[in-house]
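S.K.: File run.txt follows (compact mmCIF, C-alpha atoms and all ligand atoms):
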```txt
# COMPACT_ATOMS: atom_id res chain seq x y z
CA MET J 87 0.00 0.00 0.00
CA ASN J 88 1.98 3.00 -1.27
CA LEU J 89 0.38 6.33 -0.42
CA VAL J 90 1.19 10.03 -0.45
CA MET J 91 -0.52 12.86 1.42
CA LEU J 92 -0.94 16.20 -0.31
CA GLY J 93 -2.14 19.47 1.13
CA ALA J 94 -1.00 22.90 2.23
CA PRO J 95 1.28 23.36 5.24
CA GLY J 96 -0.81 22.81 8.33
CA ALA J 97 -3.58 20.98 6.45
CA GLY J 98 -3.12 17.99 8.76
CA LYS J 99 -0.93 15.74 6.63
CA GLY J 100 1.13 14.72 9.66
CA THR J 101 -1.85 13.88 11.87
CA HIS J 102 -3.62 11.87 9.18
CA GLY J 103 -0.38 10.27 8.05
CA ASN J 104 0.30 8.99 11.58
CA LEU J 105 -3.18 7.51 11.92
CA ILE J 106 -3.01 5.79 8.55
CA SER J 107 0.47 4.52 9.34
CA LYS J 108 -0.72 2.91 12.59
CA LYS J 109 -3.83 1.43 11.08
CA LEU J 110 -2.12 -0.09 8.02
CA GLY J 111 1.18 -0.95 9.70
CA ILE J 112 3.25 0.96 7.16
CA PRO J 113 5.87 3.61 8.00
CA LYS J 114 4.98 7.28 7.70
CA ILE J 115 7.79 9.16 6.08
CA SER J 116 7.84 12.92 6.64
CA THR J 117 10.55 14.70 4.67
CA GLY J 118 10.10 17.70 6.98
CA ASP J 119 10.83 15.47 10.01
CA VAL J 120 13.91 14.05 8.31
CA PHE J 121 15.21 17.59 7.70
CA ARG J 122 14.46 18.68 11.27
CA HIS J 123 16.30 15.62 12.53
CA HIS J 124 19.35 16.55 10.47
CA ILE J 125 19.16 20.15 11.69
CA GLU J 126 19.11 18.96 15.28
CA GLU J 127 22.09 16.70 14.65
CA GLY J 128 23.90 19.57 12.96
CA THR J 129 24.71 17.63 9.79
CA GLU J 130 25.78 19.32 6.58
CA LEU J 131 22.49 18.38 5.01
CA GLY J 132 20.64 19.88 7.96
CA LEU J 133 22.49 23.18 7.60
CA LYS J 134 21.64 23.34 3.93
CA ALA J 135 17.95 22.48 4.42
CA LYS J 136 17.60 25.02 7.25
CA GLU J 137 18.58 27.88 4.94
CA TYR J 138 15.48 27.22 2.87
CA MET J 139 13.10 26.14 5.62
CA ASP J 140 13.66 29.27 7.70
CA LYS J 141 12.66 31.36 4.70
CA GLY J 142 9.51 29.36 4.07
CA LEU J 143 10.96 28.04 0.79
CA LEU J 144 11.11 24.50 -0.49
CA VAL J 145 14.35 22.59 -0.10
CA PRO J 146 15.87 21.93 -3.59
CA ASP J 147 14.64 18.80 -5.36
CA ASP J 148 18.02 17.02 -5.58
CA ILE J 149 18.45 17.12 -1.79
CA VAL J 150 14.91 15.88 -1.23
CA MET J 151 15.30 13.04 -3.73
CA ASP J 152 18.54 11.84 -2.12
CA ILE J 153 16.80 11.64 1.22
CA VAL J 154 13.83 9.80 -0.22
CA ASP J 155 16.07 7.26 -2.01
CA TRP J 156 17.95 6.63 1.19
CA ARG J 157 14.76 6.30 3.23
CA LEU J 158 13.07 3.91 0.81
CA ASN J 159 16.07 1.58 1.01
CA HIS J 160 15.82 1.54 4.78
CA GLY J 161 14.23 -1.88 4.88
CA ASP J 162 10.92 -1.15 6.61
CA CYS J 163 8.94 -0.30 3.49
CA HIS J 164 8.20 -3.84 2.30
CA LYS J 165 4.46 -3.45 3.06
CA GLY J 166 4.38 0.03 1.59
CA PHE J 167 4.68 3.56 2.94
CA ILE J 168 2.84 6.78 3.44
CA PHE J 169 4.66 10.00 2.59
CA ASP J 170 3.77 13.19 4.41
CA GLY J 171 5.10 16.31 2.71
CA PHE J 172 6.51 14.53 -0.31
CA PRO J 173 6.26 15.01 -3.25
CA ARG J 174 5.97 18.77 -3.27
CA THR J 175 6.98 19.44 -6.88
CA ILE J 176 6.26 17.74 -10.19
CA ALA J 177 9.94 16.77 -10.46
CA GLN J 178 9.71 14.98 -7.09
CA ALA J 179 6.52 13.20 -8.16
CA GLU J 180 8.18 12.02 -11.36
CA HIS J 181 11.13 10.79 -9.33
CA LEU J 182 8.83 8.76 -7.09
CA ASP J 183 7.05 7.31 -10.12
CA LYS J 184 10.39 6.23 -11.50
CA ILE J 185 11.43 4.49 -8.27
CA LEU J 186 8.09 2.69 -8.05
CA ALA J 187 8.20 1.68 -11.72
CA GLU J 188 11.61 0.10 -11.09
CA LYS J 189 10.16 -1.83 -8.15
CA GLY J 190 7.09 -2.76 -10.18
CA GLU J 191 4.78 -1.29 -7.54
CA PRO J 192 1.98 1.24 -8.09
CA LEU J 193 1.25 4.37 -6.11
CA VAL J 194 -2.18 3.51 -4.80
CA ARG J 195 -3.50 6.91 -3.82
CA ALA J 196 -2.63 10.58 -3.47
CA ILE J 197 -4.79 11.84 -0.63
CA ASN J 198 -5.37 15.58 -0.91
CA LEU J 199 -6.40 17.37 2.27
CA GLU J 200 -8.34 20.47 1.32
CA VAL J 201 -8.22 23.31 3.84
CA ASP J 202 -8.80 27.05 3.31
CA ASP J 203 -5.79 29.35 3.68
CA ASP J 204 -7.32 31.42 6.50
CA VAL J 205 -8.09 28.27 8.49
CA ILE J 206 -4.45 27.24 8.08
CA ILE J 207 -3.05 30.54 9.29
CA ASP J 208 -5.30 30.32 12.31
CA ARG J 209 -4.27 26.73 13.03
CA MET J 210 -0.56 27.41 12.78
CA LYS J 211 -0.81 30.04 15.50
CA ASN J 212 -2.03 27.34 17.85
CA ARG J 213 0.25 24.55 16.65
CA ARG J 214 2.84 23.03 18.98
CA VAL J 215 5.12 20.14 18.12
CA CYS J 216 7.05 17.53 20.03
CA PRO J 217 10.76 18.10 19.34
CA LYS J 218 11.47 14.44 20.03
CA CYS J 219 8.89 12.40 18.10
CA GLY J 220 7.37 15.03 15.83
CA ALA J 221 3.77 14.65 17.04
CA THR J 222 1.72 17.83 16.54
CA TYR J 223 -0.91 19.36 18.82
CA ASN J 224 -3.32 22.28 18.86
CA ILE J 225 -3.09 24.20 22.15
CA LEU J 226 -6.86 24.68 22.09
CA HIS J 227 -7.30 20.90 22.37
CA ILE J 228 -4.80 20.04 25.10
CA GLU J 229 -4.46 20.89 28.77
CA GLU J 230 -0.71 20.65 29.17
CA GLU J 231 1.93 21.38 26.57
CA ILE J 232 3.45 17.91 26.89
CA CYS J 233 3.63 15.15 24.27
CA ASP J 234 1.11 12.30 24.77
CA GLU J 235 3.38 9.87 22.97
CA CYS J 236 6.66 10.46 24.75
CA GLY J 237 6.22 13.01 27.55
CA THR J 238 8.48 15.67 26.04
CA ALA J 239 7.67 19.39 26.46
CA LEU J 240 6.11 20.80 23.28
CA ILE J 241 7.61 23.70 21.34
CA ILE J 242 6.60 26.16 18.61
CA ARG J 243 8.25 25.24 15.33
CA GLU J 244 10.49 28.04 14.08
CA ASP J 245 8.86 28.17 10.66
CA ASP J 246 5.35 28.41 12.16
CA GLU J 247 5.77 32.13 12.68
CA GLU J 248 2.98 33.92 10.80
CA HIS J 249 4.98 35.63 8.06
CA THR J 250 6.87 32.40 7.32
CA VAL J 251 3.58 30.50 7.25
CA ARG J 252 2.26 32.97 4.66
CA LYS J 253 5.32 32.41 2.51
CA ARG J 254 4.97 28.65 2.80
CA ILE J 255 1.37 28.93 1.62
CA VAL J 256 2.44 31.01 -1.41
CA GLU J 257 5.16 28.45 -2.16
CA TYR J 258 2.56 25.69 -1.83
CA HIS J 259 0.19 27.24 -4.36
CA LYS J 260 3.01 27.89 -6.80
CA LYS J 261 4.92 24.60 -6.66
CA SER J 262 2.75 21.94 -5.03
CA GLN J 263 -0.75 22.66 -6.27
CA PRO J 264 0.11 21.40 -9.81
CA LEU J 265 0.48 17.96 -8.20
CA ILE J 266 -3.28 17.80 -7.77
CA ASP J 267 -3.72 17.78 -11.57
CA TYR J 268 -0.79 15.41 -11.96
CA TYR J 269 -2.42 12.76 -9.77
CA GLU J 270 -5.92 13.51 -11.01
CA GLU J 271 -4.72 12.63 -14.52
CA GLN J 272 -3.33 9.36 -13.18
CA GLY J 273 -6.75 8.65 -11.69
CA ILE J 274 -5.45 8.15 -8.14
CA LEU J 275 -6.36 11.47 -6.50
CA PHE J 276 -8.68 11.36 -3.50
CA ARG J 277 -9.97 14.69 -2.20
CA VAL J 278 -10.98 15.03 1.41
CA LYS J 279 -12.11 18.08 3.35
CA GLY J 280 -9.63 18.87 6.10
CA ASN J 281 -11.57 21.75 7.65
CA GLU J 282 -13.84 19.48 9.64
CA GLY J 283 -12.99 16.89 12.27
CA ILE J 284 -10.13 14.41 12.00
CA THR J 285 -12.39 11.40 12.61
CA HIS J 286 -14.71 12.32 9.76
CA ALA J 287 -11.83 12.77 7.33
CA GLN J 288 -10.27 9.46 8.46
CA GLU J 289 -13.53 7.63 7.77
CA GLU J 290 -13.69 9.13 4.30
CA ILE J 291 -10.09 8.13 3.60
CA PHE J 292 -10.58 4.52 4.69
CA LYS J 293 -13.87 4.19 2.83
CA ASP J 294 -11.99 5.25 -0.29
CA LEU J 295 -9.00 2.96 0.34
CA GLU J 296 -11.29 -0.05 0.65
CA LYS J 297 -12.51 0.46 -2.90
P1 LIG J 301 4.33 21.58 6.59
O1 LIG J 301 3.61 20.53 5.80
O2 LIG J 301 3.57 22.07 7.75
O3 LIG J 301 4.86 22.67 5.71
P2 LIG J 301 6.77 20.01 6.76
O4 LIG J 301 7.41 19.53 7.98
O5 LIG J 301 6.22 19.02 5.80
O6 LIG J 301 5.63 21.00 7.24
O7 LIG J 301 7.80 20.93 5.95
C1 LIG J 301 8.56 21.94 6.55
C2 LIG J 301 9.55 22.52 5.55
O8 LIG J 301 10.49 21.50 5.15
C3 LIG J 301 8.95 23.01 4.24
O9 LIG J 301 8.48 24.34 4.37
C4 LIG J 301 10.15 22.88 3.29
O10 LIG J 301 11.06 23.95 3.45
C5 LIG J 301 10.83 21.63 3.77
N1 LIG J 301 10.36 20.42 3.04
C6 LIG J 301 9.74 19.34 3.57
N2 LIG J 301 9.44 18.42 2.63
C7 LIG J 301 9.88 18.94 1.45
C8 LIG J 301 9.86 18.51 0.09
N3 LIG J 301 9.31 17.33 -0.26
N4 LIG J 301 10.41 19.32 -0.85
C9 LIG J 301 10.96 20.49 -0.53
N5 LIG J 301 11.00 20.97 0.72
C10 LIG J 301 10.47 20.22 1.71
ZN ZN J 302 6.74 13.14 21.51
```
Rewrite the structure from the file as structure tokens, please.
M.R.:
Amino acid sequence: MNLVMLGAPGAGKGTHGNLISKKLGIPKISTGDVFRHHIEEGTELGLKAKEYMDKGLLVPDDIVMDIVDWRLNHGDCHKGFIFDGFPRTIAQAEHLDKILAEKGEPLVRAINLEVDDDVIIDRMKNRRVCPKCGATYNILHIEEEICDECGTALIIREDDEEHTVRKRIVEYHKKSQPLIDYYEEQGILFRVKGNEGITHAQEEIFKDLEK
């Protein structure tokens, strides 16, 4: 079961990706998490990615593709995978298609989470993340700013500052929105409304995957 999640920053790709990952027993691969991990470790790659991320820009395709190649050879993807935040450009999508064609496996679905821009900006103001495991929370829905999964104190992600969020949304419309047509043409796009509750959207996603 090879899946990708599409949607603007803050649309809920991470949250849905985690739930799908647990339910189907496939790894969720977040390119953003991989970059943040490298930044924390202070690797060369991390330094390079940070330059772009702090400005709300996309990390260049060649860097992203290297990471994806490495991650897909990691050995835990034999039952499939769900990508969160990849692909974000047509070139990345074509790269993924090429890898899958070599393996003789199809991409089953591109799940597109549709959320209005103003809802996103509002959500990002209230978003907190776990620096250890990457889980995300909305401060309006929790009592303590501590991670449920691992007990770590939550933080505000550096690029969740409002003017960076606005730039990420512009970047999304420019570079990532064309992916919707790309997957629609392949007949594997599934649109789901991300404005409403998580449970409702999950039900819709699983109803579609059972088809
Ligand atoms: P969000 O979906 O909320 O934007 P992510 O963690 O997916 O959060 O991404 C954070 C940042 O990491 C992006 O703004 C971008 O700079 C970089 N990034 C992550 N994935 C990719 C990708 N596939 N291509 C280019 N840049 C990426
Ligand atoms: Zn955690």
S.K.: Give me, as a PyMOL selection string, the set of residues whose atoms come within 8 Å of any atom of ligand LIG 301 (chain J), counting only C-alpha atoms and all ligand atoms.
M.R.: chain J and resi 93-100+116-119+121-122+135-136+138-147+150+170-175+178+245-246+254
S.K.: Please identify all protein, DNA and RNA residues within 10 Å of ligand ZN 302 (chain J), counting all atoms listed in the file, and report them as a list in words.
M.R.: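 The distance check yields Val215, Cys216, Pro217, Lys218, Cys219, Gly220, Ala221, Thr222, Ile232, Cys233, Asp234, Glu235, Cys236, Gly237, Thr238, Ala239 and Leu240 of chain J.
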S.K.: Would you output that residue set with C-alpha atoms, as a compact mmCIF listing (two decimals), in the coordinates of the input?
M.R.:
```
# COMPACT_ATOMS: atom_id res chain seq x y z
CA VAL J 215 5.12 20.14 18.12
CA CYS J 216 7.05 17.53 20.03
CA PRO J 217 10.76 18.10 19.34
CA LYS J 218 11.47 14.44 20.03
CA CYS J 219 8.89 12.40 18.10
CA GLY J 220 7.37 15.03 15.83
CA ALA J 221 3.77 14.65 17.04
CA THR J 222 1.72 17.83 16.54
CA ILE J 232 3.45 17.91 26.89
CA CYS J 233 3.63 15.15 24.27
CA ASP J 234 1.11 12.30 24.77
CA GLU J 235 3.38 9.87 22.97
CA CYS J 236 6.66 10.46 24.75
CA GLY J 237 6.22 13.01 27.55
CA THR J 238 8.48 15.67 26.04
CA ALA J 239 7.67 19.39 26.46
CA LEU J 240 6.11 20.80 23.28
```
S.K.: Give me the box for segment 281-289 of chain J as JSON, namely the centre and edge lengths in Å to one decimal of a box along x, y and z that holds every listed atom plus 4 Å on each side.
M.R.:
```
{"center_x": -12.4, "center_y": 14.7, "center_z": 10.0, "size_x": 12.6, "size_y": 22.1, "size_z": 13.3}
```
S.K.: Using all atoms listed in the file, can you tell me which of J:Leu131, J:Val154, J:Asp208, J:Ile241 comes closest to Tyr223 of chain J?
M.R.: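 Smallest separation from Tyr223 of chain J among the options: J:Ile241.
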S.K.: Restrict the calculation to all atoms listed in the file, then for each residue of segment 210-275 of chain J with any atom at most 12 Å from an atom of segment 182-189 of chain J give the closest atom pair and their distance in Å to one decimal, rows by chain and rising residue number, as a Markdown table.
M.R.:
```
| residue | atom | partner | partner_atom | distance |
| --- | --- | --- | --- | --- |
| J:Tyr268 | CA | J:Asp183 | CA | 11.4 |
| J:Tyr269 | CA | J:Asp183 | CA | 10.9 |
| J:Gln272 | CA | J:Asp183 | CA | 11.0 |
```
S.K.: Between J:Val201, J:Leu226, J:Ile112, J:Ala179, which has the minimum distance to Leu265 of chain J (counting only C-alpha atoms)?
M.R.: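 Looking at the shortest contact to Leu265 of chain J, the residue is J:Ala179.
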S.K.: Using atom CA of Gln288 of chain J and atom CA of Trp156 of chain J as the two end points, give the distance in Å to one decimal.
M.R.: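 So the answer is 29.3 Å.
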